[in-house]
Every structure is written in C-alpha cells, then in structure tokens.
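Below is one structure; the comments refer to it alone.
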Amino acid sequence: MTKRTGLLFVLLLAGFGIKSQAQRSKQPNIVVIMADDLDSRQLSCYGGRNLKTTNIDRLADQGMQFNNMIASEAMCVPTRASLFTGLYPVRHGSYQNHKPVYDTLKSIGHYLSGLGYTVALTGKDHSTKPRTVFPFEIIKGFEPNCVSPTDDYSLTDVKAFMSGQQKPFCLFVMSINPHAPWTMGDTTEFDPEQLILPPHWVDTKPTRKQFQKYLAEVRRLDNQVGELMQAVKETGKENNTVFIFLGEQGAQFPGAKWTLWDAGQKSSMIVRWPGVVQPKSATGAIVQYEDITPTFINIAGGNPVAHLDGRSFLGVLQGKTQQAREVAFGIHNNLPEGPPYPIRSIRDGRYKLLLNLTPGKNYHIKYMMNPKNAYWVSWKEKAETSPKDKILVERNIHRPAVEFYDLKNDPYELHNLAGDKKYAAQIAAYRQKLEGWMKQQGDPGATLDIPFERK
C-alpha cells in the first residue's frame, strides 16, 4: 500500500465512523458503576453526616465531583433509558416506570460499538430489552433483580472481561444497592436514635429504623465501588480508563423518588480520568442523564448524533468550560406506581419551577397506600397532634398548581415562593421555556399519563 492510498484508506474509515488500530489504541475504556435509589446527600463527599463513604470519597479525591447532576425523571426505568439512549423520557417512550422504550431506537450499545468498543453490562437489568435497542454483552457477577432480598456478587467475570479485551470497552456495573427491601448490610453500624434525618421527614421510630436499614445498603454500595476500583487497577487498565460513579435518583422515602423535588431528582456523578480530569475538582455545571451517551460518543472520538436530546460535557471534564447546559428539565408520570399525577419541572443552578398538572387531585404512591408501611403510617399518626408534622405530610399529598423554589436558600424545597410577586416575571419566563420544551418533546401534559399493560 502506498503512502497516498494508505492515507485515503484511513480517510475512508473515518468517513464511515470506523476507527483504525492506531486510533483505537488512544480510546479510553469506560467503566460505570451505578447505584439504585441512592439519596446522594448521604454520601460524605456530598455533605452526608450519617456515614463516611470512604471509597466514593476516594474516587472524588481522584476525579471531578458534579454537584448539579439531575435525573429528568426520578424513577429507575426512565432514568436508565435516558442514560443509554441520550433521549428524554417522552422521546424514548419509557416515561412511566416499567414502560418499554420504542423498539426503533438506538442506544449507547450501537453508538460505541460503531466506534470500535465492546459494550457490556452486569447487574440490574432494567432498560436492557429489547436487545435490538440495547445490544449489551451481559456479564455475570452482579444481581439483576433490584428487589432481591440478597445482593450476592462476584467480580471474577468482570475482571476476566476487562482483562480479555483487545478492543476498548464500556462496562456498566449496575448495583441494586440501596434499593428496597433494605435487607442487606450491617445495620449495627448505625444507631437509629443518632441518625440525622432530612428536614422534610417526620421524625418517628419506624422512620429511623428504616433509615438505619437503608444506610446499611449505602455502606454496601460504597464497598462495591471500592472493590470495582481495585479490580480495574488489578487488570492494569486504570490509567486508560474513565471511571464513573452515578447515583441514579433518590430513595423510596416520602418526597424523594417518584417526585420532582430535589430529594428525588438530584443525583450524583463522580468522574476519574487520569491525565484528563483534574483530581479533587468539583463543578456546578448542570448535567442530565441524557448527556452521558453524547459525552461517551465524544470521548470515543465519534461525531455528534444530531437527534439526541443530550449534549456532551467533555469540555467540563477537560476543564475547558464550567457550563454544560443552562437548565435541566423534569417529568413525572406516577403510573404504574400510583394513580396518575403528572408533574413537569425546569431548573437552573439556583431556582426551580414545578407545575403540578392536576393539582385538584391528591398525590399518592404505592407506599402511601400500603397500611403495612410502618413509617408512612407513623407519619400520619404523628401529624394528628403535631402542626409542624402535619405540614410535612400534607406537603406530599396536596400540591399547588405552581411551585417555585430558591434552591440555594431552601435546598429541601419547603418554602414555596410561587405567590411572591417579586418572582412573577421569573416564573413566567421559566414557564414559557418549560412549555416550549414540552411542545418540542411532543409532550401533551396530563393526557400523557395513560395506563399501559405490561407484556
């Protein structure tokens, strides 16, 4: 092959999105470990005071901590579908929990394999079907069922996969911790009476007992992160691997998961990339799960995919910019976890607007309708004699049409500013932008919340 024809061949490969061997050698591996229903505020590097998350903190010391990582929908299936497709929930179709995505889509499995990567997954298997949309190589090792009473796992096959790869790889390790039923981990580490509860909770003994069980699984998650970090090191891949921790969405406690308040919608992300990401760095850049697939494509050297909703934040990782997007959007459609209760949201780095599209109805979710749920029952009982706690209970059930919060001064969104005239113009501008996004997405609002039948 002459020099000229060789150059032409390389250009042809690039034109088809195919990487040469020399190009592939420069592509980093990507390892993602994702939590399940994590209250990211419990991580000590994010300000948590109930436990020291030693391994996740160590990862933060080695990389960049994102302080405005936002899930567009605070439930498992939509979040993971957004992560893998780069699309918002209405566009990927999984806008209700356990509702399948549209079977005509492409995902990270297609985009990265086209760039020379092997894409694999172990653990929780939400948003892995149909295989035509999610063509992951499935690796044994982590528990796939998020409601399993045990979370037994092994890194043997994970390490074998990493060690055996001649091509760059992207591996998703999907933990089931700390998803309910909170049956794993050593609860004796935590004294229920000494735990620091979030200010939007009613303080009762059943609540503290459940929180104790929850934190034991957060500890379990932290251990898994540490073991995976060690596995990457043992396989000799550490220096050429982008290692990412993701928090998914909030916990299955009132006012968190299945809401668009920050206790549910605000997540965590930590990225270590030796030689690229500055250690012990943090960013306030707003990022959503939809942005991860475009970023991975960018990291792998691919061209932007025009129809995706997400956008690459590679510039943030490289320290070239402090901004990824101006605002983050949110959608909630209760089904099938409870009766319809559609919500939409928009936020920047400080303020958030929520629209409750059927404010005349009561909000309920499955744990609130279960008479055997000890902590919610205890909340209602205490609210009968405590005006302060009654407000916290009513806050969950009866919601106004419009909510507006100053997240800097009110991070738990307990003081609705929607009626304050000095914010009227700002609320109107946010509402216009939010409704514009809904129109662009093909989101009709409340009528989107129609029941579906699982196959």
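Identifiers for the structure tokens are assigned positionally: chains receive A, B, ... in sequence, residues are indexed from 1 per chain, and ligands are indexed from 1 in the order shown.
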
Quick one: everything within 7 Å of Pro192 (chain A), counting only C-alpha atoms, minus sequence neighbours fewer than 2 positions away in the same chain. Send it as a PyMOL selection string.
chain A and resi 190+194-195+208-209+212

Could those residues be written to a file, using N, CA and C atoms, as a PDB file, in the first residue's frame?
```
ATOM      1  N   PHE A 190     -25.049   1.552  62.672  1.00  0.00           N
ATOM      2  CA  PHE A 190     -25.828   2.777  62.824  1.00  0.00           C
ATOM      3  C   PHE A 190     -26.789   2.693  64.006  1.00  0.00           C
ATOM      4  N   GLN A 194     -29.371   8.180  66.753  1.00  0.00           N
ATOM      5  CA  GLN A 194     -28.344   9.191  66.487  1.00  0.00           C
ATOM      6  C   GLN A 194     -28.335   9.661  65.032  1.00  0.00           C
ATOM      7  N   LEU A 195     -29.164   9.067  64.202  1.00  0.00           N
ATOM      8  CA  LEU A 195     -29.162   9.426  62.792  1.00  0.00           C
ATOM      9  C   LEU A 195     -29.698  10.838  62.573  1.00  0.00           C
ATOM     10  N   ARG A 208     -36.783   6.040  61.566  1.00  0.00           N
ATOM     11  CA  ARG A 208     -35.369   5.873  61.910  1.00  0.00           C
ATOM     12  C   ARG A 208     -34.916   4.431  61.700  1.00  0.00           C
ATOM     13  N   LYS A 209     -35.779   3.493  61.985  1.00  0.00           N
ATOM     14  CA  LYS A 209     -35.423   2.085  61.808  1.00  0.00           C
ATOM     15  C   LYS A 209     -35.232   1.764  60.330  1.00  0.00           C
ATOM     16  N   GLN A 212     -32.023   3.322  59.096  1.00  0.00           N
ATOM     17  CA  GLN A 212     -30.878   2.513  59.524  1.00  0.00           C
ATOM     18  C   GLN A 212     -30.606   1.397  58.510  1.00  0.00           C
TER      19      GLN A 212
END
```

Identify, on the basis of only C-alpha atoms, every residue whose closest approach to Lys106 (chain A) does not exceed 12 Å; exclude the query and any residue fewer than 6 positions from it along the same chain; express the result as a PyMOL selection string.
chain A and resi 81-82+84-87+92+112-114+128-136+293+305+307-308

Just C-alpha atoms for this one: save the residues we selected as a tab-separated table (two decimals), in the first residue's frame.
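Resulting contents of selection.tsv:
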```
chain	number	residue	atom	x	y	z
A	81	ALA	CA	-33.37	4.52	29.39
A	82	SER	CA	-32.29	8.17	29.26
A	84	PHE	CA	-28.49	4.63	27.44
A	85	THR	CA	-30.35	6.46	24.64
A	86	GLY	CA	-29.49	10.14	25.18
A	87	LEU	CA	-33.20	10.95	24.87
A	92	HIS	CA	-37.61	7.26	24.24
A	112	LEU	CA	-19.93	2.84	20.80
A	113	SER	CA	-19.73	-0.50	19.00
A	114	GLY	CA	-19.67	1.50	15.78
A	128	THR	CA	-31.76	-3.85	28.63
A	129	LYS	CA	-34.65	-5.07	26.43
A	130	PRO	CA	-35.40	-5.34	23.61
A	131	ARG	CA	-31.90	-6.47	22.68
A	132	THR	CA	-32.28	-4.78	19.31
A	133	VAL	CA	-32.29	-1.46	21.20
A	134	PHE	CA	-29.85	-2.44	23.96
A	135	PRO	CA	-27.26	-4.80	22.42
A	136	PHE	CA	-25.19	-5.23	25.59
A	293	THR	CA	-24.36	8.96	25.86
A	305	VAL	CA	-25.58	12.39	16.86
A	307	HIS	CA	-31.24	13.87	17.03
A	308	LEU	CA	-30.22	13.24	20.65
```

Please indicate the distance in Å from CA of Gln323 (chain A) to CA of Pro28 (chain A), rounded to one decimal place.
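Computing the Euclidean distance for CA of Gln323 (chain A) and CA of Pro28 (chain A) yields 23.5 Å.
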
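When only C-alpha atoms are used to compute distances to Gly310 (chain A), the closest of the residues A:Val101, A:Val377, A:Ala324, A:Val147 turns out to be A:Ala324.
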
Residues within 9 Å of Ala401 (chain A), only C-alpha atoms, excluding chain neighbours under 4 positions, as a JSON list (two decimals) with C-alpha atoms, in the first residue's frame:
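Written file, around26.json:
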```json
[["chain", "number", "residue", "atom", "x", "y", "z"],
["A", 354, "LEU", "CA", -42.63, 22.84, 39.17],
["A", 355, "LEU", "CA", -46.02, 22.56, 37.51],
["A", 356, "ASN", "CA", -48.47, 20.08, 39.05],
["A", 357, "LEU", "CA", -50.78, 19.48, 36.10],
["A", 358, "THR", "CA", -53.70, 18.04, 38.11],
["A", 359, "PRO", "CA", -53.48, 19.96, 41.41],
["A", 360, "GLY", "CA", -57.09, 19.22, 42.31]]
```

Just want the 12 Å neighbourhood of Asp203 (chain A), counted on only C-alpha atoms, with same-chain residues fewer than 2 positions away dropped. Output as an MDAnalysis selection string.
chainID A and resid 192:201 205:211 375:376 378:383 386 388:390 392:393

Output file for the residues above (C-alpha atoms, as a compact mmCIF listing (two decimals), in the first residue's frame):
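Final file, result.txt:
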```txt
# COMPACT_ATOMS: atom_id res chain seq x y z
CA PRO A 192 -31.20 4.81 64.83
CA GLU A 193 -31.50 7.38 67.61
CA GLN A 194 -28.34 9.19 66.49
CA LEU A 195 -29.16 9.43 62.79
CA ILE A 196 -29.56 12.87 61.24
CA LEU A 197 -32.85 12.89 59.32
CA PRO A 198 -33.59 15.15 56.33
CA PRO A 199 -35.67 18.20 57.35
CA HIS A 200 -38.58 17.22 55.11
CA TRP A 201 -39.14 13.99 57.08
CA LYS A 205 -39.09 5.47 65.39
CA PRO A 206 -40.23 3.42 62.35
CA THR A 207 -38.68 6.04 60.07
CA ARG A 208 -35.37 5.87 61.91
CA LYS A 209 -35.42 2.08 61.81
CA GLN A 210 -35.97 2.03 58.06
CA PHE A 211 -33.31 4.68 57.55
CA TYR A 375 -43.02 4.66 58.61
CA TRP A 376 -45.73 6.37 56.49
CA SER A 378 -46.30 6.71 61.77
CA TRP A 379 -46.02 9.99 59.86
CA LYS A 380 -49.81 10.29 59.59
CA GLU A 381 -50.31 9.37 63.22
CA LYS A 382 -47.85 11.97 64.45
CA ALA A 383 -49.36 14.60 62.14
CA SER A 386 -48.25 17.97 65.58
CA LYS A 388 -45.39 21.03 62.09
CA ASP A 389 -45.55 17.39 61.05
CA LYS A 390 -48.99 17.82 59.56
CA LEU A 392 -44.83 17.79 56.13
CA VAL A 393 -47.46 15.11 55.50
```
